[in-house]
$ cat target_9.cif   # mmCIF, C-alpha atoms
data_final
#
loop_
_atom_site.label_atom_id
_atom_site.label_comp_id
_atom_site.auth_asym_id
_atom_site.auth_seq_id
_atom_site.Cartn_x
_atom_site.Cartn_y
_atom_site.Cartn_z
CA MET A 233 57.10 16.11 -5.76
CA ARG A 234 57.66 14.97 -2.18
CA MET A 235 55.67 17.92 -0.84
CA PHE A 236 52.48 16.45 -2.30
CA LYS A 237 53.40 12.78 -2.07
CA ASP A 238 50.43 11.68 0.01
CA GLN A 239 47.74 13.94 -1.39
CA ASN A 240 46.45 15.37 -4.61
CA PRO A 241 48.56 18.36 -5.61
CA PRO A 242 46.84 21.75 -5.46
CA VAL A 243 45.66 23.37 -8.67
CA LEU A 244 46.64 26.97 -9.33
CA CYS A 245 43.51 28.51 -10.81
CA TRP A 246 41.53 31.67 -11.36
CA ALA A 247 38.35 32.15 -9.33
CA SER A 248 35.56 34.38 -10.62
CA PRO A 249 32.10 34.99 -9.13
CA VAL A 250 29.26 33.63 -11.27
CA VAL A 251 25.52 34.18 -11.21
CA ALA A 252 23.59 30.94 -10.79
CA THR A 253 20.01 31.45 -11.94
CA GLY A 254 17.48 30.49 -9.31
CA LYS A 255 20.14 29.76 -6.73
CA ALA A 256 20.23 31.56 -3.40
CA ARG A 257 23.89 30.88 -2.72
CA GLU A 258 26.88 32.62 -4.28
CA TYR A 259 28.99 30.52 -6.65
CA TYR A 260 32.55 30.75 -7.97
CA GLN A 261 34.01 29.30 -11.13
CA PHE A 262 37.53 27.93 -10.72
CA SER A 263 39.42 27.79 -14.01
CA ALA A 264 42.82 26.58 -15.18
CA PRO A 265 43.99 24.92 -18.40
CA HIS A 266 42.02 21.67 -18.84
CA PHE A 267 40.23 22.30 -15.54
CA CYS A 268 37.01 24.16 -14.74
CA ILE A 269 34.49 23.65 -11.93
CA THR A 270 31.81 25.74 -10.27
CA LEU A 271 31.36 25.49 -6.52
CA PRO A 272 29.24 27.35 -3.97
CA VAL A 273 30.97 29.80 -1.69
CA GLY A 274 31.33 28.07 1.66
CA GLU A 275 32.32 29.21 5.12
CA THR A 276 35.92 28.11 4.56
CA HIS A 277 36.62 30.41 1.63
CA SER A 278 33.96 33.12 1.44
CA GLY A 279 36.09 35.33 3.65
CA LEU A 280 39.09 34.93 1.35
CA LEU A 281 37.35 35.76 -1.90
CA ASN A 282 34.91 38.32 -0.56
CA GLY A 283 32.99 38.60 -3.81
CA GLN A 284 36.07 39.50 -5.85
CA GLU A 285 38.05 37.75 -8.54
CA ALA A 286 41.14 36.06 -7.15
CA SER A 287 43.91 33.65 -8.05
CA VAL A 288 43.78 30.67 -5.70
CA LEU A 289 45.31 27.31 -4.90
CA LEU A 290 42.51 24.78 -4.86
CA GLN A 291 43.03 21.47 -3.04
CA THR A 292 40.30 18.87 -3.49
CA ASP A 293 39.73 15.27 -2.41
CA ASP A 294 39.25 14.18 -5.99
CA LEU A 295 39.60 16.42 -9.02
CA LEU A 296 37.21 14.13 -10.91
CA ALA A 297 34.50 14.77 -8.34
CA PRO A 298 35.51 18.08 -6.73
CA THR A 299 32.53 18.65 -4.48
CA SER A 300 34.60 18.97 -1.34
CA VAL A 301 37.18 21.74 -1.16
CA CYS A 302 39.95 20.74 1.26
CA LYS A 303 42.00 23.89 0.92
CA LEU A 304 41.53 27.21 -0.79
CA LYS A 305 44.37 29.68 -0.41
CA LEU A 306 44.58 33.15 -1.88
CA VAL A 307 47.65 33.63 -4.06
CA GLY A 308 47.14 37.25 -5.04
CA LEU A 309 48.36 36.82 -8.61
CA SER A 310 46.59 38.88 -11.27
CA LYS A 311 44.63 37.05 -13.94
CA VAL A 312 46.96 38.25 -16.70
CA ARG A 313 50.05 37.07 -14.81
CA LEU A 314 48.47 33.70 -14.05
CA GLN A 315 47.55 33.18 -17.70
CA ASN A 316 51.10 34.14 -18.65
CA GLN A 317 52.46 31.48 -16.27
CA TYR A 318 50.42 28.75 -17.92
CA MET A 319 51.17 29.99 -21.43
CA LEU A 320 54.96 29.92 -20.95
CA CYS A 321 55.24 26.87 -18.67
CA PRO A 322 55.38 23.41 -20.35
CA ILE A 323 52.22 21.37 -19.67
CA PRO A 324 54.10 18.50 -17.91
CA MET A 325 55.42 21.10 -15.43
CA PHE A 326 52.00 22.46 -14.36
CA GLU A 327 52.20 20.48 -11.09
CA VAL A 328 55.59 22.03 -10.34
CA LEU A 329 54.16 25.46 -11.19
CA SER A 330 51.43 24.93 -8.59
CA GLY A 331 54.11 23.79 -6.12
CA VAL A 332 56.09 26.99 -6.66
CA TRP A 333 53.07 29.20 -5.99
CA THR A 334 52.01 27.10 -3.01
CA LEU A 335 55.36 27.98 -1.47
CA VAL A 336 55.11 31.64 -2.52
CA SER A 337 51.76 31.84 -0.73
CA CYS A 338 53.57 30.88 2.52
CA ILE A 339 55.67 34.06 2.36
CA THR A 340 54.20 36.66 4.68
CA TYR A 341 56.89 39.36 4.62
CA PRO A 342 55.55 41.89 2.04
CA ASP A 343 58.81 43.15 0.49
CA LEU A 344 60.17 39.63 0.03
CA ARG A 345 56.86 38.41 -1.39
CA HIS A 346 56.80 41.31 -3.86
CA PHE A 347 60.41 40.72 -4.91
CA LEU A 348 59.86 37.00 -5.52
CA GLU A 349 56.63 37.55 -7.45
CA GLU A 350 58.31 40.09 -9.72
CA VAL A 351 61.13 37.65 -10.51
CA LEU A 352 58.84 34.66 -11.05
CA CYS A 353 56.50 36.66 -13.31
CA ASP A 354 59.32 37.83 -15.58
CA PRO A 355 58.52 36.25 -18.99
CA LEU A 356 62.17 35.27 -19.50
CA VAL A 357 62.26 33.53 -16.12
CA ILE A 358 58.98 31.68 -16.75
CA SER A 359 60.00 30.49 -20.20
CA LEU A 360 63.37 29.13 -19.00
CA PHE A 361 62.96 28.20 -15.32
CA TYR A 362 60.48 25.36 -15.91
CA LYS A 363 62.54 23.91 -18.78
CA ALA A 364 66.02 24.32 -17.34
CA LYS A 365 68.50 21.76 -16.05
CA SER A 366 70.29 22.26 -12.75
CA SER A 367 73.57 21.04 -14.23
CA GLU A 368 75.00 20.17 -17.62
CA GLU A 369 76.13 16.77 -16.37
CA GLY A 370 75.69 14.90 -13.11
CA ASP A 371 72.75 15.41 -10.76
CA PHE A 372 69.51 17.07 -11.90
CA ASN A 373 70.58 17.27 -15.54
CA GLN A 374 67.16 16.73 -17.11
CA ALA A 375 64.81 19.39 -18.49
CA GLY A 376 62.72 20.81 -15.64
CA ASP A 377 65.07 19.57 -12.92
CA LEU A 378 66.04 23.10 -11.89
CA ALA A 379 62.46 23.94 -10.91
CA ARG A 380 61.82 20.51 -9.34
CA HIS A 381 65.04 20.69 -7.31
CA SER A 382 64.26 24.26 -6.19
CA VAL A 383 60.78 23.24 -4.99
CA ASP A 384 62.27 20.26 -3.12
CA ILE A 385 64.77 22.50 -1.35
CA ALA A 386 62.09 25.08 -0.53
CA CYS A 387 59.85 22.38 1.00
CA VAL A 388 62.66 21.15 3.25
CA SER A 389 63.64 24.74 4.12
CA LEU A 390 60.05 25.52 5.09
CA SER A 391 59.95 22.48 7.39
CA LEU A 392 63.25 23.44 9.02
CA ALA A 393 62.21 27.08 9.43
CA ASN A 394 58.96 26.02 11.12
CA TYR A 395 60.75 23.48 13.32
CA TYR A 396 63.21 26.09 14.59
CA GLN A 397 60.44 28.69 14.91
CA LEU A 398 62.11 31.29 12.74
CA SER A 399 60.54 34.72 12.47
CA ASP A 400 58.33 35.62 9.51
CA VAL A 401 61.11 37.52 7.80
CA GLU A 402 63.63 34.68 8.30
CA LEU A 403 61.18 32.07 7.02
CA SER A 404 60.29 34.26 4.04
CA LEU A 405 63.97 34.87 3.28
CA ALA A 406 64.63 31.11 3.39
CA LEU A 407 61.85 30.39 0.90
CA VAL A 408 62.97 33.15 -1.47
CA THR A 409 66.56 31.90 -1.28
CA ALA A 410 65.53 28.27 -1.86
CA LEU A 411 63.42 29.05 -4.92
CA LEU A 412 65.96 31.44 -6.47
CA HIS A 413 69.34 30.15 -5.29
CA GLU A 414 70.08 28.59 -8.71
CA ILE A 415 68.02 30.95 -10.86
CA GLY A 416 71.13 32.23 -12.61
CA LYS A 417 71.53 28.85 -14.31
CA ILE A 418 68.69 29.66 -16.71
CA ARG A 419 71.11 32.08 -18.40
CA LEU A 420 73.98 29.61 -18.73
CA HIS A 421 74.96 28.00 -22.04
CA TYR A 422 73.38 24.60 -21.37
CA ASN A 423 69.92 26.11 -20.77
CA SER A 424 69.72 28.91 -23.28
CA GLN A 425 70.77 29.27 -26.92
CA SER A 426 72.00 32.74 -26.08
CA GLY A 427 73.51 31.47 -22.84
CA ILE A 428 76.63 32.91 -21.30
CA LEU A 429 79.80 31.38 -19.91
CA VAL A 430 80.13 33.18 -16.59
CA SER A 431 80.17 32.38 -12.89
CA GLU A 432 76.87 31.58 -11.20
CA LYS A 433 77.19 34.73 -9.08
CA VAL A 434 77.22 36.89 -12.20
CA ALA A 435 74.38 34.89 -13.74
CA VAL A 436 72.17 35.25 -10.64
CA THR A 437 72.76 38.99 -10.58
CA ALA A 438 71.92 39.22 -14.28
CA VAL A 439 68.50 37.63 -13.63
CA VAL A 440 67.41 39.25 -10.35
CA GLY A 441 69.47 42.45 -10.50
CA PRO A 442 66.70 44.81 -11.68
CA TYR A 443 64.39 43.59 -8.93
CA LEU A 444 67.11 43.78 -6.28
CA ILE A 445 67.50 47.48 -7.08
CA GLN A 446 63.84 47.96 -6.16
CA VAL A 447 64.50 46.25 -2.81
CA LEU A 448 67.55 48.47 -2.22
CA GLU A 449 65.42 51.58 -2.63
CA ARG A 450 62.90 50.37 -0.04
CA ASP A 451 65.05 48.49 2.48
CA PRO A 452 68.89 48.51 2.26
CA ALA A 453 69.24 45.92 5.07
CA LEU A 454 66.94 43.49 3.27
CA TYR A 455 68.87 44.10 0.06
CA GLU A 456 72.11 43.11 1.81
CA ALA A 457 70.48 39.94 3.18
CA LEU A 458 69.20 38.94 -0.26
CA MET A 459 72.57 39.63 -1.90
CA SER A 460 74.28 37.43 0.67
CA CYS A 461 71.77 34.56 0.65
CA LEU A 462 71.54 34.48 -3.16
CA ASN A 463 75.34 34.24 -3.29
CA CYS A 464 75.69 37.46 -5.30
CA ILE A 465 78.74 38.63 -3.33
CA GLU A 466 82.08 36.92 -2.81
CA GLN A 467 82.54 37.22 0.96
CA PRO A 468 79.37 38.07 2.90
CA GLN A 469 80.02 39.85 6.18
CA ILE A 470 77.01 38.28 7.88
CA ILE A 471 75.92 34.63 7.87
CA TYR A 472 72.13 34.48 7.75
CA MET A 473 70.08 31.65 9.24
CA ALA A 474 68.07 31.43 6.00
CA ASP A 475 71.24 30.78 4.00
CA THR A 476 72.37 28.08 6.46
CA ILE A 477 68.99 26.33 6.24
CA VAL A 478 68.89 26.41 2.43
CA LYS A 479 72.44 25.05 2.15
CA ALA A 480 71.50 22.19 4.49
CA ALA A 481 68.33 21.48 2.50
CA ASP A 482 70.29 21.56 -0.76
CA LYS A 483 72.83 19.06 0.55
CA LEU A 484 70.04 16.78 1.80
CA SER A 485 68.27 16.94 -1.56
CA ARG A 486 71.42 16.09 -3.50
CA THR A 487 72.38 13.26 -1.16
CA LYS A 488 68.88 11.79 -1.40
CA HIS A 489 69.04 12.08 -5.20
CA GLN A 490 72.40 10.23 -5.28
CA PHE A 491 71.04 7.57 -2.95
CA ASP A 492 67.92 7.04 -5.05
CA LYS A 493 69.96 6.81 -8.23
CA ALA A 494 72.51 4.41 -6.76
CA PHE A 495 69.91 2.06 -5.33
CA ALA A 496 67.01 2.26 -7.76
CA ASP A 497 64.82 -0.86 -7.60
CA THR A 498 66.68 -2.26 -4.58
CA ALA A 499 65.83 -2.84 -0.92
CA ASP A 500 65.73 0.16 1.37
CA TYR A 501 68.24 -1.03 3.98
CA TYR A 502 71.33 0.66 2.55
CA ASP A 503 73.61 2.97 4.42
CA LEU A 504 75.48 6.07 3.25
CA VAL A 505 79.11 6.05 4.39
CA VAL A 506 81.80 8.74 4.38
CA THR A 507 85.19 7.18 3.60
CA LYS A 508 86.96 9.13 6.34
CA LYS A 509 86.31 12.13 8.54
CA GLY A 510 86.33 15.37 6.59
CA CYS A 511 86.46 13.61 3.23
CA THR A 512 83.87 14.51 0.62
CA ASP A 513 84.07 11.14 -1.16
CA LEU A 514 80.94 9.11 -0.48
CA TYR A 515 80.10 5.50 -1.16
CA TYR A 516 77.21 3.21 -0.31
CA ARG A 517 77.37 -0.15 1.40
CA ARG A 518 74.74 -2.78 1.90
CA ALA A 519 73.96 -3.22 5.57
CA THR A 520 73.61 -6.75 6.90
CA GLN A 521 70.41 -7.64 8.69
CA PHE A 522 72.26 -7.48 12.03
CA GLN A 523 73.66 -4.02 11.28
CA HIS A 524 70.26 -2.88 10.16
CA MET A 525 68.68 -4.03 13.44
CA GLU A 526 71.50 -2.62 15.54
CA LYS A 527 71.00 0.80 14.02
CA PHE A 528 67.52 1.08 15.51
CA ASP A 529 68.18 -0.42 18.96
#

$ encode --input "target_9.cif" --output "structure tokens"
Amino acid sequence: MRMFKDQNPPVLCWASPVVATGKAREYYQFSAPHFCITLPVGETHSGLLNGQEASVLLQTDDLLAPTSVCKLKLVGLSKVRLQNQYMLCPIPMFEVLSGVWTLVSCITYPDLRHFLEEVLCDPLVISLFYKAKSSEEGDFNQAGDLARHSVDIACVSLSLANYYQLSDVELSLALVTALLHEIGKIRLHYNSQSGILVSEKVAVTAVVGPYLIQVLERDPALYEALMSCLNCIEQPQIIYMADTIVKAADKLSRTKHQFDKAFADTADYYDLVVTKKGCTDLYYRRATQFQHMEKFD
């Protein structure tokens, strides 16, 4: 995933206090499938854990010698829910699973955080989301591409939201929209044996509908924003900044995917060209050395 391109990806794990005989310091055991270490509580994370069990994202310099904790972030996921995530998620997708919860941990608006957690902890969502394709044919048509693509879009959306200094609620809404904007596809025929042939709007509502009702009861305005950004209504009356950002991130992700596929194993000085103004047909041309230099003058 691009989000973790230049560093070791974080590990989503369960942290429990342990008693170390003869040791004066307090220790925690960090556990995940095929991963277990015990580290002393340091200044950087003692305040987060506060002597309690917690689900955390652990970032280390080297998982083979994890003596230095670079980042420890509280996720707030119960132990049962965390174990359920790992049980229903395919092993090759564990890194993507950690990426999803890294992004969830960036959501600070309580009602949006609660809504997203409830959707992502639904056993049906877990069992299908990390195996699903984003399309039957064309881009992102491999198993797991739906989750990978959603994490990519959420990473770009987070960067854009921070760059434009959006409020906490706008940033949180953008992340929720990015992670769930294609969630309805898990119910379509090419991702589920009992899949349905319906529009994506209907499919999205079928997946998140029960949890949207809970939002409606607490905050009708937030419910309207979610319905609009998740494309659950035909003609939204309000255009939300979060929706604009996610659509831009989605387009960027798809264009980058097409570019990578078209020029796999080739030099990086290629240019994307639109055939004419307003036309959606795209093609790629190889830039000459002179054109390539001119572009950066």

$ atom_distance --input "target_9.cif" --atom1 "atom CA of Glu456 of chain A" --atom2 "atom CA of Cys387 of chain A"
24.1 Å

$ residues_around --input "target_9.cif" --residues "segment 348-357 of chain A" --least-positions-apart "4" --cutoff "9 Å" --atoms "all atoms listed in the file" --output "PDB file with C-alpha atoms, keeping the file's coordinate frame"
ATOM      1  CA  LEU A 309      48.360  36.820  -8.610  1.00  0.00           C
ATOM      2  CA  ARG A 313      50.050  37.070 -14.810  1.00  0.00           C
ATOM      3  CA  LEU A 314      48.470  33.700 -14.050  1.00  0.00           C
ATOM      4  CA  ASN A 316      51.100  34.140 -18.650  1.00  0.00           C
ATOM      5  CA  GLN A 317      52.460  31.480 -16.270  1.00  0.00           C
ATOM      6  CA  LEU A 320      54.960  29.920 -20.950  1.00  0.00           C
ATOM      7  CA  VAL A 336      55.110  31.640  -2.520  1.00  0.00           C
ATOM      8  CA  ASP A 343      58.810  43.150   0.490  1.00  0.00           C
ATOM      9  CA  LEU A 344      60.170  39.630   0.030  1.00  0.00           C
ATOM     10  CA  PHE A 361      62.960  28.200 -15.320  1.00  0.00           C
ATOM     11  CA  TYR A 362      60.480  25.360 -15.910  1.00  0.00           C
ATOM     12  CA  VAL A 408      62.970  33.150  -1.470  1.00  0.00           C
ATOM     13  CA  LEU A 411      63.420  29.050  -4.920  1.00  0.00           C
ATOM     14  CA  LEU A 412      65.960  31.440  -6.470  1.00  0.00           C
ATOM     15  CA  ILE A 415      68.020  30.950 -10.860  1.00  0.00           C
ATOM     16  CA  ILE A 418      68.690  29.660 -16.710  1.00  0.00           C
ATOM     17  CA  VAL A 439      68.500  37.630 -13.630  1.00  0.00           C
ATOM     18  CA  VAL A 440      67.410  39.250 -10.350  1.00  0.00           C
ATOM     19  CA  TYR A 443      64.390  43.590  -8.930  1.00  0.00           C
TER      20      TYR A 443
END

$ residues_around --input "target_9.cif" --residues "Ser399 of chain A" --least-positions-apart "5" --cutoff "12 Å" --atoms "only C-alpha atoms" --output "list in words"
Ile339, Thr340, Tyr341, Leu390, Ala393, Asn394, Ser404, Leu405, Ala406, Met473 and Ala474 of chain A

$ closest_residue --input "target_9.cif" --among "A:Leu304, A:Cys245, A:Ile323, A:Ala379" --to "Cys268 of chain A" --atoms "only C-alpha atoms"
A:Cys245

$ closest_residue --input "target_9.cif" --among "A:Phe347, A:Ser330, A:Tyr260, A:Val307" --to "Gln446 of chain A" --atoms "all atoms listed in the file"
A:Phe347

$ atom_distance --input "target_9.cif" --atom1 "atom CA of Asp371 of chain A" --atom2 "atom CA of Thr487 of chain A"
9.8 Å

$ atom_distance --input "target_9.cif" --atom1 "atom CA of Ser287 of chain A" --atom2 "atom CA of Gly441 of chain A"
27.1 Å

$ closest_residue --input "target_9.cif" --among "A:Ala364, A:Cys461, A:Leu271, A:Leu290" --to "Thr409 of chain A" --atoms "all atoms listed in the file"
A:Cys461

$ closest_residue --input "target_9.cif" --among "A:Val312, A:Leu398, A:Leu462, A:Leu360" --to "Thr437 of chain A" --atoms "all atoms listed in the file"
A:Leu462

$ axis_aligned_box --input "target_9.cif" --around "segment 446-464 of chain A" --padding-each-side "5 Å" --output "lines of an AutoDock Vina configuration file"
center_x = 69.3
center_y = 42.9
center_z = -0.5
size_x = 22.8
size_y = 27.3
size_z = 21.2

$ closest_residue --input "target_9.cif" --among "A:Gly331, A:Pro265, A:Pro342, A:Pro249" --to "Asp400 of chain A" --atoms "only C-alpha atoms"
A:Pro342

$ resolve_selection --input "target_9.cif" --expression "the PyMOL selection byres ((chain A and resi 248) around 12)" --output "list in words"
Cys245, Trp246, Ala247, Pro249, Val250, Val251, Glu258, Tyr259, Tyr260, Gln261, Phe262, Ser263, Ala264, Cys268, Ile269, Thr270, Leu271, Pro272, Val273, Leu281, Asn282, Gly283, Gln284, Glu285, Ala286, Ser287, Val288, Ser310 and Lys311 of chain A
